[in-house]
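Student: Before we start, here is the structure in question, set down as structure tokens.
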There are 2 protein chains.
Amino acid sequence: MTGTRGYHHGDLRRVLLAAAAEVIEESGPAALSLRDLARRAGVSHAAPAHHFGDKAGLLTALAVEGFDLLAEALHAADGGLVEAGVAYVDFAVRHRAHFEVMFRPDLYRADAPEVAAARERSGAALRAGVADLPPGHGTAGDAAGDALAAWSIVHGFATLWNAGALPAEVGDDPGTAARGVIHRLFGPR
Amino acid sequence: MTGTRGYHHGDLRRVLLAAAAEVIEESGPAALSLRDLARRAGVSHAAPAHHFGDKAGLLTALAVEGFDLLAEALHAADGGLVEAGVAYVDFAVRHRAHFEVMFRPDLYRADAPEVAAARERSGAALRAGVADLPPGHGTAGDAAGDALAAWSIVHGFATLWNAGALPAEVGDDPGTAARGVIHRLFGPR
DNA sequence: ACGGCATCTTGTCAATGCAAAGATACGATC
DNA sequence: GATCGTATCTTTGCATTGACAAGATGCCGT
């Protein structure tokens, strides 16, 4: 099914998305070339256009996939807001390419309905994590504010980590480092 | 001095950097074209290469300029860690193009010595803000941890704001919204 | 068997980044 | 003030890319 050699590739769409993620992870979105992806997949240079229309179309598909993976990761993280935050950072590091594209609206069609739907799914997962917050945590029960602060701190940490902007003393395990940071917001005092 | 017409432009380097920032602000770094910048400046398409070598060189210069502007903004923000954080967010929104490039190492030569120096200048400014933190703020005097948490939350908020990822309820003034978020970390309880 | 349709290919064009080689003017030195 | 070195800018050329158009191939249902 997947190893085909004939005229029809059979799995091109998935292969192209995976190759795109690989390239972006190694060299960033700027180095992405549709023709290079086609070469890697062993198809003609115009084959990707059929599945995604253009470059923005491919990145749109990648963003949708990313938002869905994120929603899944957040749902899987049982253990309150702190663990959801760790899962967020973990996702950003493990799926660096998806994460990078997702929050770069100039690279894809961020207003596409499929994107909005996928984004909403992960947004709901995030809010569910905040709802688990035990009341009386210092903040005056402002759930929206809590969510914004939590989102900001994990998103910022993940972004800085991926950008290589953090000093070496932070360590080499993003999960534990993230936990320490998140505890300053919502953890035990 | 600046309105030259002759063979020599006289101010090309600055004009190109300004035009680049403008283009990036409007359409993102992916839409940046050296030839387009040259057209805007009224020079030949190869003129930019002389000043910056290549595209990465231009973005390197933009990143250096950005780190210096950030250091300046942080120094100017007297009023403790909270105000420094607000200044950080304010910088990211006002100089969105610089900010975007600064934390995208794949776009420029992040290992260039001029970049490291400029980055260190803004890093020192950030740490100076953290040192102002009154002790006994809940955290056990872990300055490095405080700095990391503070940097993460303001960087994340700024990034999400610029990406247009935040819901409309947050409002339209990044400064006040940021203040609310930062207060959850270090503000009065 | 046949026809519709999704999939993939070939060919083409404008735009871009980069490099090489040449033209022009500024400024220091005499 | 003339001359020479050099920084600045232009012209030309080439490989790569994204996007489009038209055609080839094979799967699938009728």
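Just remember, in the structure tokens the first chain shown is A, the second B, etc., residues are 1-based per chain, and ligands are 1-based in the order shown.
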Show me which bits of chain D are within 12 Å of chain A, counting only C-alpha atoms (C1' of nucleotides), as a list in words.

Tutor: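 Here is what falls inside 12 Å: DT16, DT17, DG18, DA19, DC20, DA21, DA24, DT25, DG26 and DC27 of chain D.
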
Student: For DT9 in chain C, work out the shell of residues within 9 Å, counting only C-alpha atoms (C1' of nucleotides) and skipping chain neighbours fewer than 3 positions away, then give it as an NGL selection string.

Tutor: (:A and (43-47)) or (:D and (23-24))

Student: Emit the selected residues as a tab-separated table (two decimals), in the first residue's frame, including N, CA and C atoms (P, O5', C5', C4', C3', O3' and C1' of nucleotides).

Tutor:
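Okay, this is what ended up in result_32.tsv:
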chain	number	residue	atom	x	y	z
A	43	VAL	N	8.56	12.15	-6.72
A	43	VAL	CA	7.51	12.48	-7.69
A	43	VAL	C	7.91	13.74	-8.45
A	44	SER	N	7.10	14.10	-9.41
A	44	SER	CA	7.44	15.27	-10.23
A	44	SER	C	7.24	16.56	-9.43
A	45	HIS	N	7.81	17.61	-9.94
A	45	HIS	CA	7.83	18.87	-9.17
A	45	HIS	C	6.46	19.50	-9.03
A	46	ALA	N	5.51	19.06	-9.82
A	46	ALA	CA	4.19	19.67	-9.76
A	46	ALA	C	3.19	18.81	-9.00
A	47	ALA	N	3.61	17.65	-8.55
A	47	ALA	CA	2.68	16.77	-7.85
A	47	ALA	C	2.12	17.38	-6.57
D	23	DG	P	-3.69	19.55	-24.43
D	23	DG	O5'	-2.98	18.18	-24.01
D	23	DG	C5'	-1.56	18.06	-24.14
D	23	DG	C4'	-1.04	16.94	-23.26
D	23	DG	C3'	-1.73	15.57	-23.48
D	23	DG	O3'	-0.75	14.58	-23.66
D	23	DG	C1'	-1.63	16.10	-21.19
D	24	DA	P	-1.23	13.15	-24.21
D	24	DA	O5'	-0.79	12.17	-23.03
D	24	DA	C5'	0.57	12.17	-22.60
D	24	DA	C4'	0.70	11.38	-21.31
D	24	DA	C3'	0.11	9.96	-21.38
D	24	DA	O3'	1.03	9.07	-20.80
D	24	DA	C1'	-0.81	11.15	-19.55

Student: Contacts from chain C to chain B, 10 Å maximum, only C-alpha atoms (C1' of nucleotides): show me the residue list as a list of chain:residue names.

Tutor: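 Written out as asked, the residues are C:DA15, C:DT16, C:DG17, C:DC18, C:DA23, C:DT24, C:DA25, C:DC26.
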
Student: How would the residues just chosen look if you wrote them out with C-alpha atoms (C1' of nucleotides) as a tab-separated table (two decimals), in the first residue's frame?

Tutor:
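Output (out-v3.tsv):
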chain	number	residue	atom	x	y	z
C	15	DA	C1'	10.55	36.30	-9.99
C	16	DT	C1'	14.15	35.63	-6.91
C	17	DG	C1'	19.05	35.06	-4.77
C	18	DC	C1'	23.59	35.14	-5.67
C	23	DA	C1'	31.08	52.05	-13.92
C	24	DT	C1'	31.02	56.13	-10.87
C	25	DA	C1'	32.14	59.31	-7.29
C	26	DC	C1'	34.11	60.38	-2.74

Student: What are the residues of chain B that have an atom within 9 Å of an atom of chain A, counting only C-alpha atoms, as a PDB file with C-alpha atoms, in the first residue's frame?

Tutor:
ATOM      1  CA  SER B  27       3.581  40.618   5.299  1.00  0.00           C
ATOM      2  CA  GLY B  28       6.035  38.678   7.414  1.00  0.00           C
ATOM      3  CA  PRO B  29       9.645  37.702   6.816  1.00  0.00           C
ATOM      4  CA  ALA B  30       8.696  35.159   4.169  1.00  0.00           C
ATOM      5  CA  ALA B  31       7.555  37.930   1.856  1.00  0.00           C
ATOM      6  CA  PHE B 103      13.872  35.087  17.840  1.00  0.00           C
ATOM      7  CA  ARG B 104      14.018  33.250  14.539  1.00  0.00           C
ATOM      8  CA  PRO B 105      17.635  32.077  14.386  1.00  0.00           C
ATOM      9  CA  ASP B 106      17.089  30.204  11.149  1.00  0.00           C
ATOM     10  CA  LEU B 107      16.609  33.492   9.331  1.00  0.00           C
ATOM     11  CA  GLY B 138       6.824  33.942  47.394  1.00  0.00           C
ATOM     12  CA  THR B 139       9.746  32.477  45.515  1.00  0.00           C
ATOM     13  CA  ALA B 144      17.566  32.834  37.778  1.00  0.00           C
ATOM     14  CA  GLY B 145      14.241  31.084  38.120  1.00  0.00           C
ATOM     15  CA  ASP B 146      12.462  34.381  38.554  1.00  0.00           C
ATOM     16  CA  LEU B 148      13.190  32.710  33.429  1.00  0.00           C
ATOM     17  CA  ALA B 149       9.561  32.834  34.522  1.00  0.00           C
ATOM     18  CA  ALA B 150       9.314  36.556  33.901  1.00  0.00           C
ATOM     19  CA  TRP B 151      10.947  36.315  30.508  1.00  0.00           C
ATOM     20  CA  SER B 152       8.723  33.410  29.539  1.00  0.00           C
ATOM     21  CA  ILE B 153       5.478  35.090  30.454  1.00  0.00           C
ATOM     22  CA  VAL B 154       6.170  38.398  28.746  1.00  0.00           C
ATOM     23  CA  HIS B 155       7.707  36.750  25.704  1.00  0.00           C
ATOM     24  CA  GLY B 156       4.786  34.383  25.383  1.00  0.00           C
ATOM     25  CA  PHE B 157       2.217  37.116  25.760  1.00  0.00           C
ATOM     26  CA  ALA B 158       3.974  39.295  23.206  1.00  0.00           C
ATOM     27  CA  THR B 159       4.327  36.450  20.725  1.00  0.00           C
ATOM     28  CA  LEU B 160       0.705  35.418  21.025  1.00  0.00           C
ATOM     29  CA  ALA B 163       0.449  36.281  16.090  1.00  0.00           C
ATOM     30  CA  GLY B 164      -3.124  37.431  16.518  1.00  0.00           C
ATOM     31  CA  ALA B 165      -3.810  34.291  18.509  1.00  0.00           C
ATOM     32  CA  LEU B 166      -5.439  35.986  21.483  1.00  0.00           C
ATOM     33  CA  GLU B 169     -11.784  39.881  25.057  1.00  0.00           C
ATOM     34  CA  VAL B 170      -8.187  40.628  25.939  1.00  0.00           C
ATOM     35  CA  GLY B 180      -2.570  42.093  34.283  1.00  0.00           C
ATOM     36  CA  VAL B 181      -0.755  38.953  33.249  1.00  0.00           C
ATOM     37  CA  ILE B 182       2.514  39.943  34.868  1.00  0.00           C
ATOM     38  CA  ARG B 184      -0.197  37.133  38.405  1.00  0.00           C
ATOM     39  CA  LEU B 185       3.469  36.282  38.643  1.00  0.00           C
ATOM     40  CA  PHE B 186       5.017  39.014  40.750  1.00  0.00           C
ATOM     41  CA  ARG B 189      -1.551  39.317  45.980  1.00  0.00           C
TER      42      ARG B 189
END

Student: Expressed in Å to a single decimal, how great is the separation between CA of Ser122 in chain B and CA of Ala76 in chain B?

Tutor: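 Answer for the CA of Ser122 in chain B to CA of Ala76 in chain B separation: 11.9 Å.
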
Student: Tell me which of D:DT12, D:DA2, D:DA7, D:DA22 sits closest to DG22 in chain C, counting only C-alpha atoms (C1' of nucleotides).

Tutor: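 Counting only C-alpha atoms (C1' of nucleotides), the residue closest to DG22 in chain C is D:DT12.
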
Student: Using DSSP secondary structure from the backbone, list all alpha helix (DSSP H) positions within range 11-188 of chain B, as JSON, numbers by chain.

Tutor: {"B": [12, 13, 14, 15, 16, 17, 18, 19, 20, 21, 22, 23, 24, 25, 26, 27, 34, 35, 36, 37, 38, 39, 40, 41, 47, 48, 49, 50, 51, 52, 55, 56, 57, 58, 59, 60, 61, 62, 63, 64, 65, 66, 67, 68, 69, 70, 71, 72, 73, 74, 75, 76, 80, 81, 82, 83, 84, 85, 86, 87, 88, 89, 90, 91, 92, 93, 94, 96, 97, 98, 99, 100, 101, 102, 113, 114, 115, 116, 117, 118, 119, 120, 121, 122, 123, 124, 125, 126, 127, 128, 129, 130, 131, 143, 144, 145, 146, 147, 148, 149, 150, 151, 152, 153, 154, 155, 156, 157, 158, 159, 160, 161, 162, 163, 174, 175, 176, 177, 178, 179, 180, 181, 182, 183, 184, 185, 186]}

Student: Please provide the set of residues having any atom within 12 Å of DC2 in chain C, restricted to only C-alpha atoms (C1' of nucleotides), with same-chain residues fewer than 2 positions apart removed, written as a PDB file with C-alpha atoms (C1' of nucleotides), in the first residue's frame.

Tutor:
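The result, stored in out-v3.pdb:
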ATOM      1  C1'  DG C   4     -15.525   9.574 -15.203  1.00  0.00           C
TER       2       DG C   4
ATOM      3  C1'  DC D  28     -13.391   2.567  -9.589  1.00  0.00           C
ATOM      4  C1'  DG D  29     -18.131   2.224 -10.246  1.00  0.00           C
ATOM      5  C1'  DT D  30     -21.642   1.272 -13.616  1.00  0.00           C
TER       6       DT D  30
END
